[in-house]
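K.L.:
Dropping in model-v2.cif, which is mmCIF, C-alpha atoms:
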```
data_coords
loop_
_atom_site.label_atom_id
_atom_site.label_comp_id
_atom_site.auth_asym_id
_atom_site.auth_seq_id
_atom_site.Cartn_x
_atom_site.Cartn_y
_atom_site.Cartn_z
CA ASP G 1 0.00 0.00 0.00
CA LEU G 2 0.95 3.68 -0.11
CA GLN G 3 2.32 3.74 3.43
CA LYS G 4 4.65 0.81 2.75
CA ALA G 5 5.74 2.26 -0.57
CA LEU G 6 6.63 5.60 1.00
CA LYS G 7 8.51 4.00 3.87
CA ALA G 8 10.42 1.85 1.37
CA ILE G 9 11.93 4.99 -0.16
CA GLY G 10 12.72 6.53 3.22
CA VAL G 11 9.70 8.81 3.65
CA LYS G 12 8.57 9.11 7.26
CA ILE G 13 4.83 9.10 7.89
CA TYR G 14 3.16 10.72 10.86
CA THR G 15 -0.42 10.90 12.04
CA THR G 16 -2.55 12.75 14.58
CA LEU G 17 -4.79 11.77 17.48
CA ASN G 18 -7.63 13.82 18.89
CA VAL G 19 -7.42 13.63 22.68
CA PHE G 20 -10.05 15.77 24.41
CA GLY G 21 -11.55 17.58 21.42
CA GLY G 22 -14.98 17.31 19.83
CA GLN G 23 -18.55 17.22 21.07
CA ALA G 24 -19.97 14.13 19.38
CA LEU G 25 -19.63 12.09 22.58
CA TRP G 26 -21.73 14.47 24.68
CA ARG G 27 -24.99 12.85 23.68
CA ARG G 28 -23.90 9.31 24.50
CA TYR G 29 -21.84 10.27 27.55
CA PRO G 30 -23.30 13.52 28.95
CA GLN G 31 -20.85 13.38 31.85
CA LEU G 32 -18.06 14.16 29.38
CA ARG G 33 -19.51 17.63 28.73
CA PRO G 34 -17.49 20.12 30.79
CA VAL G 35 -19.02 22.36 33.45
CA ASP G 36 -18.01 26.02 33.72
CA ARG G 37 -17.43 28.10 36.85
CA PHE G 38 -21.09 29.11 36.85
CA GLY G 39 -22.21 25.51 37.20
CA ASN G 40 -23.51 25.16 33.66
CA ARG G 41 -22.60 22.66 30.97
CA VAL G 42 -20.55 24.44 28.32
CA PRO G 43 -22.32 25.35 25.07
CA ALA G 44 -21.78 23.52 21.80
CA ALA G 45 -19.32 26.16 20.65
CA GLN G 46 -15.94 25.97 18.95
CA GLY G 47 -13.16 25.28 21.41
CA ASN G 48 -15.22 23.15 23.78
CA GLY G 49 -14.42 19.45 24.02
CA ILE G 50 -14.67 16.77 26.67
CA CYS G 51 -13.68 16.87 30.33
CA PRO G 52 -10.07 15.67 30.68
CA THR G 53 -10.52 14.41 34.25
CA GLN G 54 -12.88 11.61 33.20
CA ARG G 55 -10.15 8.99 33.51
CA TRP G 56 -12.51 6.10 32.77
CA TYR G 57 -12.44 7.37 29.17
CA TRP G 58 -8.65 7.57 28.87
CA PRO G 59 -8.15 3.88 27.94
CA ARG G 60 -10.28 4.41 24.84
CA ILE G 61 -8.03 7.26 23.70
CA LEU G 62 -4.90 5.31 24.51
CA ARG G 63 -6.19 2.30 22.57
CA SER G 64 -6.52 4.53 19.52
CA LEU G 65 -2.95 5.66 20.09
CA ALA G 66 -1.78 2.04 20.35
CA GLN G 67 -3.53 1.22 17.07
CA LYS G 68 -1.70 4.04 15.32
CA ARG G 69 1.57 2.89 16.91
CA ASP G 70 1.04 -0.66 15.71
CA ALA G 71 0.11 0.56 12.22
CA GLY G 72 3.74 1.53 11.75
CA PHE G 73 3.55 5.32 11.85
CA ASP G 74 6.81 7.08 12.63
CA GLY G 75 5.12 9.37 15.12
CA VAL G 76 1.81 10.56 16.51
CA TRP G 77 0.84 14.18 17.25
CA LEU G 78 -1.64 14.71 20.09
CA ASP G 79 -4.32 17.28 19.32
CA PHE G 80 -6.56 19.14 21.81
CA MET G 81 -4.68 17.81 24.82
CA ARG G 82 -6.04 20.48 27.12
CA PHE G 83 -9.08 21.80 28.91
CA SER G 84 -11.77 23.56 26.88
CA GLY G 85 -11.47 27.10 25.55
CA MET G 86 -11.50 28.96 22.24
CA TRP G 87 -8.06 30.40 21.49
CA GLU G 88 -8.04 30.90 17.68
CA THR G 89 -8.96 34.59 17.90
CA PRO G 90 -7.15 37.85 18.66
CA THR G 91 -9.34 38.44 21.74
CA PRO G 92 -10.11 35.13 23.45
CA ASN G 93 -12.97 35.09 25.94
CA LEU G 94 -12.23 32.12 28.16
CA THR G 95 -14.31 30.61 30.95
CA GLU G 96 -12.74 28.21 33.41
CA THR G 97 -13.74 24.56 33.28
CA CYS G 98 -14.19 21.86 34.52
CA PHE G 99 -16.19 21.97 37.73
CA CYS G 100 -18.16 18.78 37.21
CA ASP G 101 -18.71 16.44 40.17
CA SER G 102 -16.06 14.05 38.87
CA THR G 103 -13.42 16.76 38.67
CA LEU G 104 -14.22 18.22 42.07
CA ALA G 105 -13.99 14.78 43.68
CA ASP G 106 -10.71 14.09 41.88
CA PHE G 107 -9.37 17.48 42.98
CA GLU G 108 -10.13 16.60 46.59
CA ARG G 109 -8.40 13.22 46.25
CA ALA G 110 -5.34 14.69 44.55
CA THR G 111 -4.84 17.63 46.91
CA ALA G 112 -6.43 16.52 50.21
CA ILE G 113 -8.38 19.79 50.10
CA ILE G 114 -11.95 19.33 51.30
CA ILE G 115 -14.53 21.54 49.62
CA PRO G 116 -17.07 22.73 52.21
CA THR G 117 -20.59 21.40 51.81
CA ASP G 118 -22.29 24.35 53.49
CA LEU G 119 -21.18 27.13 51.18
CA PRO G 120 -23.65 30.01 50.73
CA VAL G 121 -25.57 29.78 47.47
CA ASP G 122 -26.55 32.86 45.48
CA SER G 123 -30.12 32.07 44.46
CA SER G 124 -30.35 35.36 42.56
CA ASP G 125 -27.53 34.41 40.19
CA SER G 126 -28.82 34.98 36.66
CA ILE G 127 -26.10 32.78 35.12
CA ALA G 128 -26.30 29.78 37.44
CA THR G 129 -30.00 29.23 36.84
CA THR G 130 -30.69 25.93 38.62
CA PRO G 131 -30.11 24.88 42.25
CA GLN G 132 -27.49 22.36 41.09
CA ALA G 133 -25.68 25.01 39.04
CA GLN G 134 -25.80 27.44 41.96
CA SER G 135 -24.26 24.82 44.25
CA ILE G 136 -21.45 24.12 41.77
CA ALA G 137 -20.90 27.85 41.24
CA ALA G 138 -20.48 28.29 44.99
CA LYS G 139 -17.85 25.53 45.07
CA ALA G 140 -16.02 27.00 42.08
CA LYS G 141 -16.02 30.44 43.68
CA TRP G 142 -14.59 29.00 46.91
CA ILE G 143 -11.84 27.06 45.11
CA LEU G 144 -10.77 30.03 43.00
CA ALA G 145 -10.79 32.34 46.03
CA HIS G 146 -8.99 30.07 48.50
CA HIS G 147 -7.06 27.44 46.52
CA ARG G 148 -6.52 28.83 43.04
CA ARG G 149 -2.86 27.84 42.94
CA GLU G 150 -3.65 24.24 43.90
CA TRP G 151 -6.47 24.19 41.34
CA ILE G 152 -4.18 25.36 38.54
CA LEU G 153 -1.46 22.88 39.46
CA TYR G 154 -4.02 20.09 39.68
CA LYS G 155 -5.35 20.75 36.17
CA ILE G 156 -1.83 21.06 34.76
CA GLY G 157 -1.09 17.72 36.40
CA VAL G 158 -4.08 16.06 34.73
CA ILE G 159 -2.85 17.02 31.26
CA ALA G 160 0.74 16.11 32.11
CA GLU G 161 -0.38 12.74 33.44
CA PHE G 162 -2.21 11.93 30.22
CA ALA G 163 0.86 12.94 28.21
CA GLN G 164 2.98 10.59 30.30
CA GLN G 165 0.55 7.71 29.72
CA ALA G 166 0.62 8.47 26.00
CA LYS G 167 4.42 8.39 26.06
CA VAL G 168 4.40 5.00 27.78
CA THR G 169 1.88 3.67 25.25
CA LEU G 170 3.88 4.87 22.26
CA ALA G 171 7.18 3.64 23.73
CA LYS G 172 6.38 0.08 22.67
CA ASN G 173 7.62 1.35 19.31
CA PRO G 174 10.89 2.93 20.48
CA ASP G 175 11.49 4.63 17.12
CA ALA G 176 8.16 6.50 17.11
CA VAL G 177 8.07 10.13 18.28
CA LEU G 178 5.34 11.76 20.33
CA GLY G 179 4.39 15.25 19.24
CA MET G 180 1.69 17.65 20.32
CA PHE G 181 -0.15 20.59 18.83
CA SER G 182 0.32 23.35 21.38
CA VAL G 183 -1.62 26.58 21.90
CA PRO G 184 0.59 29.48 20.77
CA TRP G 185 0.50 31.64 23.86
CA LYS G 186 3.35 32.66 26.06
CA ARG G 187 3.00 31.64 29.66
CA GLU G 188 2.05 35.12 30.90
CA GLN G 189 -0.34 36.05 28.07
CA HIS G 190 -4.06 36.53 28.65
CA GLY G 191 -3.66 36.41 32.40
CA TYR G 192 -1.61 33.19 32.31
CA ALA G 193 -4.58 31.45 30.64
CA LEU G 194 -2.36 28.89 28.91
CA VAL G 195 -1.59 27.27 32.25
CA SER G 196 -4.48 28.45 34.41
CA ILE G 197 -7.39 27.69 32.07
CA LEU G 198 -6.19 25.51 29.17
CA SER G 199 -3.65 23.74 31.44
CA GLN G 200 -0.84 23.34 28.91
CA ASP G 201 2.42 23.80 30.79
CA TYR G 202 5.16 23.56 28.16
CA ARG G 203 7.85 22.97 30.76
CA ARG G 204 5.99 20.13 32.44
CA LEU G 205 4.88 18.56 29.17
CA SER G 206 8.44 18.52 27.83
CA ASN G 207 9.04 15.55 30.13
CA SER G 208 6.84 13.44 27.83
CA ILE G 209 6.60 15.23 24.49
CA ASP G 210 9.40 14.72 21.95
CA ILE G 211 8.49 17.56 19.59
CA PHE G 212 6.20 20.57 19.94
CA SER G 213 4.06 22.00 17.14
CA PRO G 214 2.68 25.41 18.12
CA MET G 215 -0.37 26.23 16.02
CA LEU G 216 0.86 29.53 14.62
CA TYR G 217 -2.22 30.63 12.68
CA HIS G 218 -1.15 34.24 12.34
CA GLU G 219 -4.25 35.54 10.54
CA LEU G 220 -6.70 33.81 12.87
CA CYS G 221 -4.80 35.13 15.89
CA GLY G 222 -4.38 38.65 14.51
CA GLN G 223 -0.59 38.46 14.44
CA PRO G 224 2.05 39.53 11.89
CA VAL G 225 3.97 36.80 10.10
CA GLU G 226 7.12 37.71 12.08
CA TRP G 227 5.35 36.35 15.16
CA ILE G 228 5.80 32.84 13.78
CA GLU G 229 9.60 32.90 13.96
CA THR G 230 9.52 34.62 17.36
CA PHE G 231 7.19 32.04 18.85
CA VAL G 232 9.16 29.10 17.48
CA LYS G 233 12.19 30.43 19.35
CA TYR G 234 10.10 30.94 22.48
CA THR G 235 8.78 27.37 22.35
CA ALA G 236 12.25 25.95 21.89
CA ALA G 237 13.53 27.94 24.87
CA GLU G 238 10.61 26.90 27.08
CA THR G 239 10.67 23.20 26.22
CA LYS G 240 14.29 22.48 25.25
CA LYS G 241 12.77 20.24 22.57
CA PRO G 242 12.56 20.35 18.75
CA VAL G 243 9.83 22.59 17.33
CA LEU G 244 7.83 21.92 14.16
CA PRO G 245 5.34 24.78 13.77
CA ILE G 246 2.06 24.82 11.89
CA VAL G 247 1.40 27.85 9.69
CA GLN G 248 -1.84 28.96 8.10
CA CYS G 249 -2.62 29.12 4.41
CA ASP G 250 -5.58 30.92 2.81
CA LEU G 251 -8.73 29.54 4.47
CA GLY G 252 -11.31 31.18 2.26
CA PRO G 253 -13.38 34.40 2.27
CA ASP G 254 -13.41 34.90 6.04
CA HIS G 255 -9.72 34.25 6.58
CA ARG G 256 -7.75 35.36 3.58
CA VAL G 257 -3.98 34.89 3.41
CA PRO G 258 -2.64 36.28 0.11
CA ASP G 259 0.09 34.38 -1.69
CA ASP G 260 2.89 36.75 -0.69
CA GLU G 261 1.79 36.66 2.93
CA PHE G 262 1.59 32.87 2.89
CA ALA G 263 5.10 32.68 1.43
CA ALA G 264 6.36 34.98 4.18
CA ALA G 265 4.62 32.84 6.81
CA VAL G 266 6.26 29.68 5.49
CA LEU G 267 9.70 31.30 5.44
CA SER G 268 9.18 32.65 8.95
CA GLY G 269 8.21 29.17 10.09
CA LEU G 270 11.36 27.70 8.59
CA GLU G 271 13.76 29.96 10.47
CA ALA G 272 16.04 28.24 12.99
CA PRO G 273 15.51 26.46 15.29
CA SER G 274 12.45 25.20 13.41
CA GLN G 275 12.50 21.61 12.16
CA GLY G 276 10.26 22.50 9.19
CA VAL G 277 6.62 23.50 8.80
CA ILE G 278 3.19 21.88 8.77
CA ILE G 279 0.44 23.58 6.77
CA PHE G 280 -3.05 24.24 8.12
CA ARG G 281 -5.04 22.95 6.24
CA GLN G 282 -4.57 20.60 3.28
CA GLN G 283 -7.83 21.11 1.39
CA PRO G 284 -7.77 24.93 1.49
CA LEU G 285 -4.09 24.78 0.53
CA LEU G 286 -5.00 22.90 -2.63
CA GLU G 287 -8.09 24.99 -3.37
CA ALA G 288 -6.15 28.23 -3.01
CA LYS G 289 -3.50 26.85 -5.35
CA GLN G 290 -0.76 27.78 -2.89
CA LEU G 291 1.02 24.44 -3.07
CA SER G 292 3.55 25.83 -5.55
CA ILE G 293 4.62 28.38 -2.93
CA LEU G 294 5.77 25.52 -0.73
CA SER G 295 7.87 24.13 -3.57
CA SER G 296 9.56 27.49 -4.02
CA ALA G 297 10.28 27.79 -0.29
CA TRP G 298 12.19 24.52 -0.29
CA LYS G 299 14.36 25.32 -3.32
#
```
Is it possible to give me this structure as structure tokens?
P.N.:
Amino acid sequence: DLQKALKAIGVKIYTTLNVFGGQALWRRYPQLRPVDRFGNRVPAAQGNGICPTQRWYWPRILRSLAQKRDAGFDGVWLDFMRFSGMWETPTPNLTETCFCDSTLADFERATAIIIPTDLPVDSSDSIATTPQAQSIAAKAKWILAHHRREWILYKIGVIAEFAQQAKVTLAKNPDAVLGMFSVPWKREQHGYALVSILSQDYRRLSNSIDIFSPMLYHELCGQPVEWIETFVKYTAAETKKPVLPIVQCDLGPDHRVPDDEFAAAVLSGLEAPSQGVIIFRQQPLLEAKQLSILSSAWK
């Protein structure tokens, strides 16, 4: 088949694995739908996925990873390995998750912090509209007021723990590399939201991840193309690992990237210490007829 033919001539083949992204499972497993700080299930909006603390679901994800490992791929990139939140915008509006019963119980077990059961409930809260939501909102408010640091470290630990389990799973093929698609924010940006809300701690994750791929969609994020090179260097410094960035091509009427801008983005992404570039996304790349620009960049 094609995979064998490519490997026979020395071409390495990589694949991806969705970790905590998507909403299709919400209907079958409603407990996977995250709960925000106001006690409500998150809306079916872009950037919202499944609750990472639902460890009973992890074996299913890891089985998918094992299948890709056994299929002979040279590496697997983990996608959406984080808590929910929409970041592909110049002005992200993030709400903390997940405050579901499972997460709160796991937080207590992991930290030995006991959440009071007699917290005052604001029955006039127009956002937390049900008694259950009001109770959860009271717990979230207490945690964030009294144990925010422990909460942040706990969530970071959940994501890091999954990454470690993924590393162990993939290690049965010692030649395969484990990559991840990382959110392109510096640690202190947006009120430290990368670590406090999305729970991606580059430094901690570098213990398990072999190569980082920051999703440097400059047009979506309202950034100049020079930002790509700058952030590649930042990621390398933070992780001490190889960096293979993703850059954005023309995505259609709402997200135009002219040919000259795309060429500049590719060249910016190729600057040292980059290991190369990945293009987001294949179909728009072909439709916009920008594939030839890639050929020129490699000459």
K.L.:
Assuming the chain letters and numbering stay as they are in my file, what does the PyMOL selection byres ((chain G and resi 163-169) around 9) actually select? List them as a PyMOL selection string.
P.N.:
chain G and resi 62-63+65-66+69+78+81+158-162+170-173+177-178+205+207-209
K.L.:
Output C-alpha atoms for every residue in that selection, as a PDB file, in the coordinates of the input.
P.N.:
```pdb
ATOM      1  CA  LEU G  62      -4.900   5.310  24.510  1.00  0.00           C
ATOM      2  CA  ARG G  63      -6.190   2.300  22.570  1.00  0.00           C
ATOM      3  CA  LEU G  65      -2.950   5.660  20.090  1.00  0.00           C
ATOM      4  CA  ALA G  66      -1.780   2.040  20.350  1.00  0.00           C
ATOM      5  CA  ARG G  69       1.570   2.890  16.910  1.00  0.00           C
ATOM      6  CA  LEU G  78      -1.640  14.710  20.090  1.00  0.00           C
ATOM      7  CA  MET G  81      -4.680  17.810  24.820  1.00  0.00           C
ATOM      8  CA  VAL G 158      -4.080  16.060  34.730  1.00  0.00           C
ATOM      9  CA  ILE G 159      -2.850  17.020  31.260  1.00  0.00           C
ATOM     10  CA  ALA G 160       0.740  16.110  32.110  1.00  0.00           C
ATOM     11  CA  GLU G 161      -0.380  12.740  33.440  1.00  0.00           C
ATOM     12  CA  PHE G 162      -2.210  11.930  30.220  1.00  0.00           C
ATOM     13  CA  LEU G 170       3.880   4.870  22.260  1.00  0.00           C
ATOM     14  CA  ALA G 171       7.180   3.640  23.730  1.00  0.00           C
ATOM     15  CA  LYS G 172       6.380   0.080  22.670  1.00  0.00           C
ATOM     16  CA  ASN G 173       7.620   1.350  19.310  1.00  0.00           C
ATOM     17  CA  VAL G 177       8.070  10.130  18.280  1.00  0.00           C
ATOM     18  CA  LEU G 178       5.340  11.760  20.330  1.00  0.00           C
ATOM     19  CA  LEU G 205       4.880  18.560  29.170  1.00  0.00           C
ATOM     20  CA  ASN G 207       9.040  15.550  30.130  1.00  0.00           C
ATOM     21  CA  SER G 208       6.840  13.440  27.830  1.00  0.00           C
ATOM     22  CA  ILE G 209       6.600  15.230  24.490  1.00  0.00           C
TER      23      ILE G 209
END
```
K.L.:
Convert the output of the PyMOL selection byres ((chain G and resi 107) around 12) on the shown file into explicit residues, formatted as an MDAnalysis selection string.
P.N.:
chainID G and resid 53:54 98:106 108:115 139:140 143 147:148 150:158
K.L.:
How far is it from CA of Met215 in chain G to CA of Ser292 in chain G, in Å with one decimal?
P.N.:
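Interatomic distance here is 21.9 Å.
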K.L.:
Could you expand the PyMOL selection byres ((chain G and resi 234) around 12) into the explicit residues it covers here, written as a list in words?
P.N.:
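Taken on the displayed file, the PyMOL selection byres ((chain G and resi 234) around 12) yields the residues Pro184, Trp185, Lys186, Arg187, Tyr202, Arg203, Phe212, Pro214, Trp227, Ile228, Glu229, Thr230, Phe231, Val232, Lys233, Thr235, Ala236, Ala237, Glu238, Thr239, Lys240, Lys241, Pro242, Val243, Pro245, Ala272, Pro273 and Ser274 of chain G.
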K.L.:
What is the CA of Val225 in chain G-CA of Gln248 in chain G distance in Å, reported with one decimal?
P.N.:
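Spanning CA of Val225 in chain G to CA of Gln248 in chain G is a straight-line distance of 10.0 Å.
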K.L.:
With all atoms listed in the file as the atoms that count, which of G:Ile50, G:Ala5, G:Ala137, G:Leu144 lies nearest to Phe38 in chain G?
P.N.:
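Between G:Ile50, G:Ala5, G:Ala137, G:Leu144, the residue approaching Phe38 in chain G most closely is G:Ala137.
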K.L.:
Counting only C-alpha atoms, which residue out of G:Gly191, G:Gly252, G:Pro258, G:Gly75 sits closest to Thr15 in chain G?
P.N.:
G:Gly75
K.L.:
Hey, which of G:Ile13, G:Leu286, G:Ala264, G:Ile136 ends up closest to Asp118 in chain G? Count only C-alpha atoms.
P.N.:
G:Ile136
K.L.:
Measuring between only C-alpha atoms, which one of G:Asp70, G:Glu219, G:Thr97, G:Ile9 shows the shortest distance to Arg33 in chain G?
P.N.:
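Answer, going by the shortest atom-to-atom distance: G:Thr97.
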K.L.:
Just how far from CA of Leu17 in chain G is CA of Ser295 in chain G, in Å to one decimal?
P.N.:
27.5 Å
K.L.:
Using all atoms listed in the file, which of the listed residues (G:Gln31, G:Gln290, G:Ser123, G:Thr89) sits closest to Tyr57 in chain G?
P.N.:
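Of all the options, G:Gln31 lies closest to Tyr57 in chain G.
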K.L.:
Using all atoms listed in the file for the distances, tell me which of G:Gly39, G:Pro224, G:Gly10, G:Pro30 is nearest to Thr130 in chain G.
P.N.:
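Ranked by minimum distance to Thr130 in chain G, first place goes to G:Gly39.
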K.L.:
Hey, what's within 12 Å of Ala24 in chain G if we count all atoms listed in the file and toss same-chain stuff fewer than 3 positions away? As a list in words, please?
P.N.:
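Using all atoms listed in the file, the neighbours found are Phe20, Gly21, Arg27, Arg28, Tyr29, Pro30, Leu32, Arg33, Ala44, Asn48, Gly49 and Ile50 of chain G.
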K.L.:
List the neighbours of Ile293 in chain G out to 8 Å using only C-alpha atoms; skip same-chain residues closer than 5 positions along the sequence, and give me the result as a PDB file with C-alpha atoms, in the coordinates of the input.
P.N.:
```pdb
ATOM      1  CA  ASP G 259       0.090  34.380  -1.690  1.00  0.00           C
ATOM      2  CA  PHE G 262       1.590  32.870   2.890  1.00  0.00           C
ATOM      3  CA  ALA G 263       5.100  32.680   1.430  1.00  0.00           C
TER       4      ALA G 263
END
```
